[in-house]
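Enquirer: Structure file data.txt (compact mmCIF, C-alpha atoms) is given on the next line.
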# COMPACT_ATOMS: atom_id res chain seq x y z
CA MET T 1244 198.37 55.70 17.18
CA VAL T 1245 196.42 58.18 15.19
CA TRP T 1246 195.38 61.33 16.92
CA ARG T 1247 192.03 62.76 15.79
CA LEU T 1248 191.16 66.31 16.53
CA ARG T 1249 187.56 66.70 17.45
CA ARG T 1250 185.90 69.56 15.66
CA LEU T 1251 183.92 72.02 17.64
CA PRO T 1252 180.51 72.11 16.01
CA GLY T 1253 179.50 75.26 17.76
CA ARG T 1254 182.42 77.29 16.45
CA ARG T 1255 182.07 75.82 12.98
CA ALA T 1256 178.39 76.54 12.89
CA GLY T 1257 178.96 80.04 14.14
CA ARG T 1258 181.64 80.73 11.60
CA ASN T 1259 179.57 79.36 8.72
CA SER T 1260 176.43 81.06 9.92
CA GLY T 1261 178.39 84.29 10.00
CA LEU T 1262 179.41 83.77 6.41
CA ARG T 1263 175.85 83.02 5.52
CA ARG T 1264 174.69 86.19 7.20
CA GLY T 1265 177.32 88.17 5.30
CA ASP T 1266 176.39 86.50 2.04
CA ASP T 1267 172.73 87.18 2.71
CA ALA T 1268 173.47 90.84 3.37
CA LEU T 1269 175.44 91.13 0.15
CA MET T 1270 172.68 89.37 -1.77
CA THR T 1271 170.09 91.67 -0.23
CA ARG T 1272 172.01 94.77 -1.31
CA ALA T 1273 172.56 93.34 -4.79
CA GLU T 1274 168.88 92.47 -5.10
CA ALA T 1275 167.94 95.98 -3.99
CA ARG T 1276 170.16 97.49 -6.66
CA ASP T 1277 168.67 95.16 -9.28
CA ARG T 1278 165.06 95.65 -8.25
CA MET T 1279 162.49 97.05 -10.67
CA PRO T 1280 162.20 100.82 -9.87
CA TRP T 1281 158.42 101.09 -9.94
CA ARG T 1282 158.13 104.63 -8.60
CA LEU T 1283 160.58 105.91 -11.17
CA ALA T 1284 158.77 104.01 -13.93
CA ILE T 1285 155.47 105.67 -13.02
CA ALA T 1286 157.20 109.06 -12.83
CA LEU T 1287 158.61 108.45 -16.31
CA VAL T 1288 155.10 107.95 -17.63
CA ILE T 1289 153.75 111.16 -16.10
CA GLY T 1290 156.78 113.35 -16.84
CA PRO T 1291 157.15 112.92 -20.63
CA ALA T 1292 153.37 113.13 -21.03
CA ALA T 1293 153.33 116.42 -19.11
CA TRP T 1294 155.95 118.21 -21.21
CA LEU T 1295 155.22 116.59 -24.58
CA MET T 1296 151.45 117.09 -24.52
CA PRO T 1297 151.72 120.92 -24.55
CA HIS T 1298 154.61 120.84 -27.02
CA GLN T 1299 152.98 118.57 -29.58
CA GLY T 1300 149.51 120.03 -29.14
CA ALA T 1301 150.85 123.49 -29.83
CA ILE T 1302 153.40 122.81 -32.58
CA SER T 1303 151.15 120.47 -34.61
CA THR T 1304 147.73 122.09 -34.19
CA LEU T 1305 147.35 125.29 -32.17
CA LEU T 1306 150.33 127.16 -33.60
CA PRO T 1307 149.41 126.35 -37.25
CA GLN T 1308 145.81 127.35 -36.50
CA ARG T 1309 146.85 130.71 -35.07
CA VAL T 1310 149.26 131.30 -37.98
CA SER T 1311 146.54 130.50 -40.53
CA GLU T 1312 144.23 132.99 -38.79
CA ILE T 1313 146.85 135.75 -38.94
CA ASP T 1314 148.39 135.11 -42.39
CA PRO T 1315 146.63 132.33 -44.35
CA ALA T 1316 148.47 133.06 -47.60
CA ASN T 1317 151.92 132.31 -46.09
CA LYS T 1318 150.97 129.71 -43.50
CA VAL T 1319 153.20 126.85 -44.82
CA SER T 1320 156.31 129.03 -44.97
CA LEU T 1321 155.61 130.59 -41.57
CA VAL T 1322 155.23 127.19 -39.87
CA MET T 1323 158.56 126.16 -41.41
CA MET T 1324 160.14 129.38 -40.11
CA PHE T 1325 158.84 128.73 -36.59
CA SER T 1326 160.25 125.21 -36.66
CA THR T 1327 163.64 126.31 -37.98
CA ILE T 1328 164.27 129.14 -35.52
CA ALA T 1329 162.92 127.19 -32.56
CA MET T 1330 165.22 124.30 -33.54
CA LEU T 1331 168.29 126.48 -33.19
CA VAL T 1332 167.22 127.44 -29.68
CA ALA T 1333 166.39 123.86 -28.68
CA LEU T 1334 169.67 122.67 -30.20
CA VAL T 1335 171.66 124.71 -27.69
CA SER T 1336 169.26 124.30 -24.77
CA ASN T 1337 169.13 120.51 -24.77
CA ILE T 1338 172.90 120.15 -24.71
CA VAL T 1339 173.78 123.03 -22.38
CA LEU T 1340 171.06 122.38 -19.80
CA GLY T 1341 171.72 118.64 -19.98
CA ALA T 1342 175.42 119.22 -19.25
CA CYS T 1343 174.54 121.58 -16.40
CA SER T 1344 172.24 118.91 -14.96
CA ASP T 1345 175.11 116.37 -15.07
CA ARG T 1346 177.21 118.73 -12.93
CA THR T 1347 174.48 119.70 -10.46
CA ARG T 1348 175.01 118.66 -6.83
CA THR T 1349 172.17 119.35 -4.39
CA ARG T 1350 170.42 117.60 -1.53
CA PHE T 1351 167.51 117.12 -3.96
CA GLY T 1352 169.67 115.36 -6.57
CA LYS T 1353 170.84 116.58 -9.95
CA ARG T 1354 167.71 116.06 -12.07
CA LYS T 1355 164.85 117.12 -9.80
CA PRO T 1356 165.77 120.86 -9.55
CA TRP T 1357 165.93 121.18 -13.33
CA ILE T 1358 162.68 119.29 -13.93
CA ILE T 1359 160.72 121.36 -11.41
CA GLY T 1360 162.30 124.72 -12.25
CA CYS T 1361 161.92 124.37 -16.01
CA SER T 1362 158.35 123.04 -15.65
CA ILE T 1363 157.40 126.21 -13.78
CA LEU T 1364 159.03 128.37 -16.45
CA SER T 1365 157.32 126.38 -19.22
CA CYS T 1366 153.94 127.15 -17.68
CA LEU T 1367 154.63 130.87 -17.46
CA VAL T 1368 156.00 131.12 -21.00
CA LEU T 1369 153.06 129.19 -22.48
CA PHE T 1370 150.64 131.62 -20.83
CA ALA T 1371 152.47 134.49 -22.52
CA PHE T 1372 152.60 132.66 -25.88
CA GLY T 1373 148.86 132.00 -25.79
CA ARG T 1374 148.13 135.71 -25.45
CA ALA T 1375 150.52 136.87 -28.18
CA ASP T 1376 148.65 138.40 -31.13
CA GLY T 1377 151.35 138.85 -33.78
CA ILE T 1378 153.79 136.60 -35.61
CA GLY T 1379 156.85 138.31 -34.08
CA ALA T 1380 155.59 138.05 -30.49
CA MET T 1381 154.52 134.45 -31.02
CA LEU T 1382 157.94 133.57 -32.39
CA GLY T 1383 159.77 135.18 -29.45
CA TRP T 1384 157.69 133.39 -26.81
CA TRP T 1385 157.88 130.08 -28.66
CA CYS T 1386 161.67 130.23 -28.78
CA LEU T 1387 161.76 130.91 -25.04
CA TYR T 1388 159.42 127.98 -24.50
CA GLU T 1389 161.73 125.68 -26.51
CA LEU T 1390 164.60 126.84 -24.32
CA VAL T 1391 162.98 125.85 -21.01
CA VAL T 1392 161.06 122.75 -22.11
CA ASN T 1393 164.28 121.16 -23.32
CA GLY T 1394 165.66 121.62 -19.82
CA VAL T 1395 162.81 119.42 -18.58
CA ALA T 1396 163.35 116.82 -21.29
CA ALA T 1397 167.14 116.57 -20.90
CA ALA T 1398 167.04 116.04 -17.14
CA MET T 1399 164.10 113.66 -17.25
CA ILE T 1400 165.41 111.17 -19.79
CA ALA T 1401 168.83 111.01 -18.12
CA GLN T 1402 167.20 109.14 -15.23
CA LEU T 1403 167.05 106.07 -17.48
CA SER T 1404 170.84 105.94 -17.40
CA ASP T 1405 171.26 107.17 -13.81
CA ARG T 1406 168.94 104.91 -11.91
CA VAL T 1407 167.63 101.96 -13.96
CA PRO T 1408 169.41 98.57 -13.73
CA ALA T 1409 170.38 97.14 -17.11
CA ARG T 1410 167.97 94.20 -16.84
CA TRP T 1411 164.97 96.54 -16.48
CA ARG T 1412 165.97 99.13 -19.05
CA GLY T 1413 163.61 97.91 -21.74
CA THR T 1414 160.66 97.82 -19.35
CA VAL T 1415 161.31 101.28 -17.90
CA SER T 1416 161.95 102.58 -21.41
CA SER T 1417 158.46 101.32 -22.19
CA ALA T 1418 157.19 103.48 -19.35
CA TYR T 1419 159.00 106.50 -20.79
CA GLY T 1420 157.75 105.67 -24.27
CA LEU T 1421 154.25 105.28 -22.89
CA GLY T 1422 154.47 108.82 -21.50
CA GLN T 1423 155.71 110.07 -24.85
CA MET T 1424 152.87 108.32 -26.66
CA ILE T 1425 150.26 109.72 -24.28
CA GLY T 1426 151.74 113.20 -24.49
CA GLY T 1427 152.18 113.27 -28.26
CA GLN T 1428 148.83 111.86 -29.26
CA ALA T 1429 146.74 113.27 -26.41
CA GLY T 1430 148.27 116.67 -27.14
CA ILE T 1431 146.92 116.58 -30.71
CA LEU T 1432 143.60 115.15 -29.54
CA VAL T 1433 143.11 117.83 -26.89
CA ALA T 1434 144.36 120.63 -29.14
CA ALA T 1435 141.78 119.70 -31.77
CA GLN T 1436 139.07 120.70 -29.28
CA PHE T 1437 140.45 124.25 -29.08
CA LEU T 1438 140.66 125.26 -32.74
CA GLU T 1439 138.03 127.91 -32.05
CA ASN T 1440 139.85 129.21 -28.95
CA VAL T 1441 143.62 128.82 -29.29
CA THR T 1442 144.39 130.91 -26.20
CA LEU T 1443 142.31 128.72 -23.90
CA GLY T 1444 143.94 125.62 -25.37
CA VAL T 1445 147.45 126.92 -24.72
CA GLU T 1446 146.56 127.92 -21.16
CA THR T 1447 145.17 124.43 -20.54
CA PHE T 1448 148.46 122.97 -21.72
CA ALA T 1449 150.38 125.37 -19.48
CA ALA T 1450 148.60 123.93 -16.44
CA VAL T 1451 149.42 120.39 -17.59
CA ALA T 1452 153.11 121.25 -17.95
CA LEU T 1453 153.27 122.70 -14.43
CA ILE T 1454 151.32 120.06 -12.51
CA GLY T 1455 152.66 117.03 -14.36
CA GLY T 1456 156.28 118.13 -14.21
CA ILE T 1457 156.22 118.68 -10.45
CA ILE T 1458 154.37 115.41 -9.73
CA SER T 1459 156.86 113.45 -11.86
CA ALA T 1460 159.90 114.96 -10.16
CA LEU T 1461 158.56 114.35 -6.65
CA LEU T 1462 157.36 110.83 -7.41
CA ALA T 1463 160.71 109.80 -8.88
CA GLY T 1464 162.17 110.12 -5.38
CA GLU T 1465 165.64 111.25 -6.38
CA ARG T 1466 167.93 111.54 -3.36
CA SER T 1467 170.77 113.87 -2.49
CA ASN T 1468 173.88 113.61 -4.63
CA LEU T 1469 176.08 115.90 -2.55
CA ASP T 1470 178.49 113.00 -2.03
CA GLU T 1471 179.14 112.62 -5.77
CA PRO T 1472 182.57 113.94 -6.74
CA MET T 1473 182.44 117.17 -8.69
CA PRO T 1474 184.55 117.22 -11.88
CA PRO T 1475 187.10 120.02 -11.93
CA PHE T 1476 185.85 123.21 -13.48
CA ASN T 1477 188.49 124.50 -15.88
CA PRO T 1478 188.58 125.53 -19.56
CA HIS T 1479 189.31 121.98 -20.70
CA GLU T 1480 186.45 120.51 -18.65
CA LEU T 1481 184.12 123.31 -19.77
CA LEU T 1482 184.89 122.49 -23.40
CA ARG T 1483 184.39 118.76 -22.78
CA MET T 1484 180.97 119.44 -21.24
CA PHE T 1485 179.61 120.64 -24.56
CA MET T 1486 181.59 118.47 -27.00
CA PHE T 1487 180.18 115.61 -28.98
CA PRO T 1488 181.58 112.25 -27.74
CA THR T 1489 184.65 111.12 -29.68
CA HIS T 1490 185.73 107.75 -28.24
CA GLY T 1491 183.81 104.52 -28.84
CA ALA T 1492 180.94 106.49 -30.37
CA ARG T 1493 180.36 104.86 -33.78
CA ASP T 1494 177.08 103.24 -32.77
CA PHE T 1495 176.13 106.44 -30.94
CA TYR T 1496 176.27 108.40 -34.20
CA LYS T 1497 174.45 105.71 -36.15
CA THR T 1498 171.67 105.90 -33.58
CA LEU T 1499 171.66 109.70 -33.85
CA ALA T 1500 171.32 109.57 -37.64
CA ALA T 1501 168.63 106.88 -37.55
CA ARG T 1502 166.57 108.75 -34.96
CA PHE T 1503 166.94 111.95 -36.99
CA LEU T 1504 165.56 110.30 -40.12
CA LEU T 1505 162.66 108.70 -38.26
CA THR T 1506 161.72 112.10 -36.88
CA VAL T 1507 162.07 113.75 -40.29
CA GLY T 1508 159.67 111.20 -41.72
CA SER T 1509 157.02 111.55 -39.04
CA SER T 1510 157.30 115.36 -38.94
CA MET T 1511 156.76 115.66 -42.67
CA ILE T 1512 153.20 114.57 -42.01
CA SER T 1513 152.43 115.50 -38.39
CA ASN T 1514 153.56 119.13 -38.69
CA TYR T 1515 151.23 119.67 -41.65
CA MET T 1516 148.40 117.30 -40.70
CA LEU T 1517 145.88 120.11 -40.34
CA TYR T 1518 146.71 121.41 -43.81
CA ILE T 1519 146.73 117.85 -45.26
CA LEU T 1520 143.20 117.35 -44.01
CA GLN T 1521 142.05 120.69 -45.36
CA ASP T 1522 143.95 120.91 -48.66
CA TYR T 1523 144.70 117.25 -49.59
CA LEU T 1524 141.54 115.52 -48.37
CA HIS T 1525 139.47 118.72 -48.87
CA LEU T 1526 137.67 118.56 -45.51
CA ASP T 1527 136.04 121.59 -43.98
CA GLN T 1528 137.09 122.76 -40.50
CA ALA T 1529 134.50 120.58 -38.74
CA GLY T 1530 135.57 117.56 -40.77
CA ALA T 1531 139.25 118.28 -40.15
CA GLN T 1532 138.63 118.60 -36.44
CA ARG T 1533 136.76 115.29 -36.41
CA MET T 1534 139.53 113.50 -38.34
CA LEU T 1535 142.20 114.91 -36.04
CA SER T 1536 140.32 113.48 -33.07
CA ILE T 1537 139.74 110.10 -34.74
CA ASN T 1538 143.34 109.67 -35.91
CA SER T 1539 144.80 110.79 -32.58
CA SER T 1540 142.51 108.43 -30.66
CA ILE T 1541 143.44 105.47 -32.88
CA THR T 1542 147.15 106.19 -32.68
CA LEU T 1543 146.99 106.73 -28.92
CA VAL T 1544 145.11 103.51 -28.07
CA ILE T 1545 147.13 101.30 -30.41
CA GLY T 1546 150.37 103.01 -29.47
CA LEU T 1547 149.79 102.51 -25.75
CA VAL T 1548 149.29 98.77 -26.16
CA CYS T 1549 152.32 98.31 -28.41
CA CYS T 1550 154.52 100.53 -26.27
CA LEU T 1551 153.70 98.55 -23.13
CA ALA T 1552 154.42 95.27 -24.91
CA ALA T 1553 157.61 96.25 -26.77
CA GLY T 1554 159.90 96.99 -23.80
CA PRO T 1555 159.25 93.78 -21.83
CA LEU T 1556 159.47 91.80 -25.09
CA ALA T 1557 162.86 93.39 -25.84
CA ASP T 1558 164.03 92.54 -22.29
CA ARG T 1559 162.90 88.93 -22.71
CA ILE T 1560 164.39 88.21 -26.14
CA GLY T 1561 167.29 90.66 -25.89
CA ARG T 1562 166.87 92.01 -29.44
CA PRO T 1563 165.63 95.63 -29.42
CA LYS T 1564 167.55 96.44 -32.61
CA ILE T 1565 165.82 93.85 -34.78
CA LEU T 1566 162.41 94.88 -33.46
CA THR T 1567 163.20 98.50 -34.30
CA VAL T 1568 164.17 97.61 -37.87
CA ILE T 1569 160.87 95.77 -38.33
CA THR T 1570 158.78 98.65 -36.97
CA ALA T 1571 160.61 101.20 -39.14
CA CYS T 1572 159.73 99.15 -42.23
CA MET T 1573 156.12 99.08 -41.03
CA ILE T 1574 156.07 102.89 -41.00
CA ALA T 1575 157.22 102.93 -44.63
CA VAL T 1576 154.40 100.57 -45.61
CA GLY T 1577 151.82 102.61 -43.71
CA ALA T 1578 152.95 105.87 -45.30
CA ILE T 1579 152.23 104.60 -48.81
CA VAL T 1580 148.55 103.91 -48.04
CA PRO T 1581 147.29 107.57 -48.03
CA PHE T 1582 149.36 108.22 -51.16
CA LEU T 1583 147.56 105.42 -53.00
CA PHE T 1584 144.19 106.10 -51.34
CA PRO T 1585 143.83 109.85 -50.58
CA THR T 1586 140.68 109.42 -48.54
CA PRO T 1587 139.76 109.58 -44.84
CA ALA T 1588 139.76 105.76 -44.81
CA GLY T 1589 143.30 105.73 -46.23
CA LEU T 1590 144.43 108.13 -43.52
CA ILE T 1591 142.83 105.97 -40.83
CA ALA T 1592 144.67 102.91 -42.18
CA PHE T 1593 147.87 104.97 -42.03
CA SER T 1594 147.17 105.83 -38.39
CA VAL T 1595 146.63 102.18 -37.45
CA ILE T 1596 149.82 100.86 -39.08
CA VAL T 1597 152.05 103.74 -38.01
CA GLY T 1598 150.47 103.74 -34.54
CA ILE T 1599 151.62 100.14 -34.00
CA ALA T 1600 155.15 100.94 -35.15
CA ASN T 1601 155.54 104.26 -33.32
CA GLY T 1602 154.13 102.77 -30.13
CA ALA T 1603 156.75 100.04 -30.12
CA ASN T 1604 159.52 102.44 -31.14
CA SER T 1605 158.75 104.75 -28.22
CA SER T 1606 160.34 102.22 -25.87
CA LEU T 1607 162.72 100.38 -28.22
CA ILE T 1608 164.59 103.50 -29.33
CA GLN T 1609 165.12 104.70 -25.76
CA THR T 1610 166.56 101.30 -24.87
CA ILE T 1611 169.00 101.44 -27.79
CA SER T 1612 169.92 105.06 -26.99
CA VAL T 1613 170.95 104.24 -23.43
CA GLU T 1614 172.92 101.16 -24.54
CA VAL T 1615 175.04 103.10 -27.06
CA LEU T 1616 176.08 105.91 -24.67
CA PRO T 1617 179.90 106.20 -24.76
CA ASN T 1618 180.11 107.64 -21.21
CA PRO T 1619 177.30 107.00 -18.67
CA GLU T 1620 178.69 109.78 -16.42
CA ALA T 1621 177.73 112.30 -19.10
CA ALA T 1622 174.33 110.73 -19.71
CA ALA T 1623 172.23 113.89 -19.80
CA LYS T 1624 174.65 115.69 -22.11
CA ASP T 1625 175.01 112.77 -24.53
CA LEU T 1626 171.29 111.98 -24.46
CA GLY T 1627 170.83 115.67 -25.18
CA PHE T 1628 172.88 115.19 -28.33
CA LEU T 1629 170.71 112.21 -29.26
CA ASN T 1630 167.63 114.31 -28.61
CA LEU T 1631 168.92 116.66 -31.28
CA ALA T 1632 167.51 114.04 -33.61
CA ASN T 1633 164.04 115.01 -32.45
CA THR T 1634 164.71 118.74 -32.69
CA LEU T 1635 166.63 118.71 -35.96
CA GLY T 1636 164.32 116.05 -37.35
CA GLY T 1637 161.25 118.15 -36.63
CA VAL T 1638 162.78 121.09 -38.46
CA GLY T 1639 164.12 118.90 -41.25
CA GLY T 1640 160.69 117.37 -41.65
CA SER T 1641 159.01 120.78 -41.87
CA PHE T 1642 161.60 122.02 -44.36
CA ALA T 1643 161.45 118.87 -46.52
CA ALA T 1644 157.66 118.79 -46.45
CA ALA T 1645 157.38 122.46 -47.40
CA MET T 1646 159.63 121.85 -50.42
CA VAL T 1647 157.70 118.73 -51.46
CA ILE T 1648 154.30 120.40 -50.99
CA ASN T 1649 155.33 123.43 -53.04
CA THR T 1650 156.77 121.17 -55.77
CA VAL T 1651 154.53 118.12 -56.15
CA GLY T 1652 151.72 118.63 -53.65
CA TYR T 1653 150.69 117.07 -50.37
CA GLY T 1654 150.72 113.49 -51.65
CA GLY T 1655 154.49 113.60 -52.01
CA VAL T 1656 155.06 113.89 -48.24
CA PHE T 1657 153.82 110.32 -47.74
CA VAL T 1658 156.31 108.97 -50.28
CA GLY T 1659 159.02 111.11 -48.67
CA GLU T 1660 158.32 109.60 -45.25
CA ALA T 1661 158.53 106.07 -46.63
CA VAL T 1662 161.95 106.72 -48.19
CA VAL T 1663 163.61 108.31 -45.16
CA VAL T 1664 162.37 105.73 -42.64
CA LEU T 1665 163.73 102.91 -44.78
CA VAL T 1666 167.15 104.56 -44.64
CA ALA T 1667 166.71 104.82 -40.86
CA ALA T 1668 165.94 101.09 -40.70
CA ALA T 1669 169.20 100.33 -42.53
CA LEU T 1670 171.16 102.47 -40.03
CA PHE T 1671 169.59 100.71 -37.04
CA ARG T 1672 170.45 97.38 -38.64
CA SER T 1673 174.14 98.35 -38.84
CA ILE T 1674 174.52 99.06 -35.08
CA ARG T 1675 176.88 96.50 -33.51
CA ARG T 1676 176.67 97.15 -29.78
CA VAL T 1677 172.98 96.24 -29.57
CA ARG T 1678 171.39 93.01 -30.81
Go ahead and express the file in the form of structure tokens.
Expert:
Amino acid sequence: MVWRLRRLPGRRAGRNSGLRRGDDALMTRAEARDRMPWRLAIALVIGPAAWLMPHQGAISTLLPQRVSEIDPANKVSLVMMFSTIAMLVALVSNIVLGACSDRTRTRFGKRKPWIIGCSILSCLVLFAFGRADGIGAMLGWWCLYELVVNGVAAAMIAQLSDRVPARWRGTVSSAYGLGQMIGGQAGILVAAQFLENVTLGVETFAAVALIGGIISALLAGERSNLDEPMPPFNPHELLRMFMFPTHGARDFYKTLAARFLLTVGSSMISNYMLYILQDYLHLDQAGAQRMLSINSSITLVIGLVCCLAAGPLADRIGRPKILTVITACMIAVGAIVPFLFPTPAGLIAFSVIVGIANGANSSLIQTISVEVLPNPEAAAKDLGFLNLANTLGGVGGSFAAAMVINTVGYGGVFVGEAVVVLVAAALFRSIRRVR
């Protein structure tokens, strides 16, 4: 006789349904963690635009205009001096304030207090800078501005590492790049309208820095991080806070060098664009103002489209590195056009080609930068080191351009940009951690 045990369907169903409920709960939590962070993405459009618009509008247009009004004979050397001294301040600020942000524990999170606080200070300092009437006073206020604005930038970009799932990093990096593109190009476009009244232009930018920074921080919705463990505070930890990464950082340093060279190339032209228009293309002030507006509008519109497309494309094909190499080579091609054709039409062609490449790079480079971080727990500090590429590159570009201009003239800066961005493309190509 064979005994058969009758199964109890109710208990079996209950047990399996319980497992299903548990599995569903786990899947729900996993899906929530992997969901596209739309609010943060919008905040990362507004935030970079709000701090970069005043910075780029001032450093590329309003500051050179004020310097040329005060001391036209030494304007090239003075702009280089401003860039060099401000770089040293930003060099320290980006790293130190980024490391302090990493260690911050508040019920508002670790990024929000720095973004809001430094945005308020940026507004106040810009008001003072706009009313300065001598080179020394301008230099002092500009250095203080570089100090606080880098506190905004370091905390803001670290949110890409803190809160964005890996599968959405390219898309959210596109949002950040979009903000950078809007800020950089709109800053030049808006600044061109204030060449006759630099003070009013700077005060307008001060309001943008304040309002945009606060809106971005609140919209990002960062929550309390009081439950995060605090690293021990001792001499060894203090030293580690401000040290360059040393383990598993080969691709990190390749990215740093490549970003530096890209920034050197673009700064060689952008930091002296006003003088290029006046002294290379021989336009009067009205013509220079018109060309600044045209070029900035072209670069902005094209850049926005390419920036929005590049991040999702990189997420889909999984190859941000190859796309970055291609766009860097495009910049080199575009830079040769005004050298061969030193006309307004040649400069417009340059803006179109470089606008496509820079628009795509605004998202692609941020994606690569987050992927090569050696230690995600020190994201703000290490991204601060990578942001040195922007700071040092801006100064390096001003210094290199000043030497080239004084030696061979303004046409040489276009050839110089082509050379350095091709070297940057080779460095990006050699990165192993990113496809």
Enquirer: Counting only C-alpha atoms, what is within 10 Å of T:Ala1578, bar same-chain residues fewer than 6 positions away, as a PyMOL selection string?
Expert: chain T and resi 1508-1509+1512+1589-1590+1592-1594+1596-1597+1656-1662+1664
Enquirer: Could you pull the residues within 10 Å of T:Ala1329, counting only C-alpha atoms, minus those fewer than 6 positions along the same chain, as a VMD selection string?
Expert: chain T and resid 1323 1382 to 1390 1634 to 1635 1638
Enquirer: Keeping only C-alpha atoms, write the selected residues to a file as a PDB file, keeping the file's coordinate frame.
Expert:
ATOM      1  CA  MET T1323     158.560 126.160 -41.410  1.00  0.00           C
ATOM      2  CA  LEU T1382     157.940 133.570 -32.390  1.00  0.00           C
ATOM      3  CA  GLY T1383     159.770 135.180 -29.450  1.00  0.00           C
ATOM      4  CA  TRP T1384     157.690 133.390 -26.810  1.00  0.00           C
ATOM      5  CA  TRP T1385     157.880 130.080 -28.660  1.00  0.00           C
ATOM      6  CA  CYS T1386     161.670 130.230 -28.780  1.00  0.00           C
ATOM      7  CA  LEU T1387     161.760 130.910 -25.040  1.00  0.00           C
ATOM      8  CA  TYR T1388     159.420 127.980 -24.500  1.00  0.00           C
ATOM      9  CA  GLU T1389     161.730 125.680 -26.510  1.00  0.00           C
ATOM     10  CA  LEU T1390     164.600 126.840 -24.320  1.00  0.00           C
ATOM     11  CA  THR T1634     164.710 118.740 -32.690  1.00  0.00           C
ATOM     12  CA  LEU T1635     166.630 118.710 -35.960  1.00  0.00           C
ATOM     13  CA  VAL T1638     162.780 121.090 -38.460  1.00  0.00           C
TER      14      VAL T1638
END
Enquirer: Which one of T:Val1595, T:Leu1504, T:Ala1286, T:Val1433 sits closest to T:Val1663 if you count only C-alpha atoms?
Expert: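 Result for the nearest residue to T:Val1663: T:Leu1504.
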Enquirer: Any idea what's packed within 9 Å of T:Gln1532, counting all atoms listed in the file, ignoring anything in its chain fewer than 5 positions away? Could you give it as a ChimeraX atom specification?
Expert: /T:1435-1436,1438,1517,1520,1527,1537
Enquirer: Provide the atom CA of T:Ile1560 to atom CA of T:Leu1403 distance in Å, to one decimal place.
Expert: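 Distance reported for this atom pair: 20.0 Å.
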Enquirer: Grab the atom CA of T:Gly1426 to atom CA of T:Ser1612 distance for me, in Å with one decimal place.
Expert: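 These two atoms are separated by 20.1 Å.
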Enquirer: Select all residues near (151.6, 123.8, -54.0) (cut-off 12 Å, inclusive, file coordinates), counting all atoms listed in the file, and output them as an NGL selection string.
Expert: :T and (1316-1317 or 1319-1320 or 1518-1519 or 1522-1523 or 1644-1656)
Enquirer: Would you list the residues near (141.9, 122.7, -28.6) (no more than 12 Å away, in the coordinates of the file, using only C-alpha atoms) as a VMD selection string?
Expert: chain T and resid 1296 to 1297 1299 to 1301 1303 to 1306 1308 to 1309 1373 1429 to 1448 1532 to 1533 1535 to 1536
Enquirer: Expressed in Å to a single decimal, how great is the separation between atom CA of T:Leu1421 and atom CA of T:Ser1605?
Expert: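 Value for the atom CA of T:Leu1421-atom CA of T:Ser1605 distance: 7.0 Å.
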Enquirer: Please, which residues in stretch 1392-1444 of chain T fall within 10 Å of stretch 1451-1474 of chain T when counting all atoms listed in the file, and what is the closest atom pair and distance in Å to one decimal for each, ordered by chain then residue number, as a tab-separated table?
Expert:
residue	atom	partner	partner_atom	distance
T:Val1392	CA	T:Ala1452	CA	9.1
T:Val1395	CA	T:Gly1456	CA	8.0
T:Met1399	CA	T:Ala1460	CA	8.3
T:Gln1402	CA	T:Ala1463	CA	9.1
T:Arg1406	CA	T:Glu1465	CA	9.0
Enquirer: Go ahead and write the residues just picked, C-alpha atoms, as a PDB file, in the frame of the given file.
Expert:
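To be explicit, this is the file written out as selection.pdb:
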ATOM      1  CA  VAL T1392     161.060 122.750 -22.110  1.00  0.00           C
ATOM      2  CA  VAL T1395     162.810 119.420 -18.580  1.00  0.00           C
ATOM      3  CA  MET T1399     164.100 113.660 -17.250  1.00  0.00           C
ATOM      4  CA  GLN T1402     167.200 109.140 -15.230  1.00  0.00           C
ATOM      5  CA  ARG T1406     168.940 104.910 -11.910  1.00  0.00           C
TER       6      ARG T1406
END
Enquirer: Looking at only C-alpha atoms, which of T:Gly1491, T:Val1507, T:Asp1345, T:Ala1553 is the one that sits closest to T:Ser1404?
Expert: T:Asp1345
Enquirer: Given the choices T:Ser1513, T:Ser1326, T:Thr1567, T:Thr1349, which gets closest to T:Gly1639 if the distance is worked out from only C-alpha atoms?
Expert: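 Nearest to T:Gly1639: T:Ser1326.
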Enquirer: Have a look at T:Thr1327, T:Asn1514, T:Ser1344, T:Ser1641 and name the one nearest to T:Cys1361; count only C-alpha atoms.
Expert: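 For T:Cys1361, the nearest of the given residues is T:Ser1344.
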Enquirer: Do a neighbour search on T:Leu1607 at 9 Å with all atoms listed in the file, toss out local chain neighbours closer than 3 positions, and write the hits as a PyMOL selection string.
Expert: chain T and resi 1413+1416-1417+1420+1550+1553-1554+1557+1563-1564+1566-1567+1603-1604+1610-1612
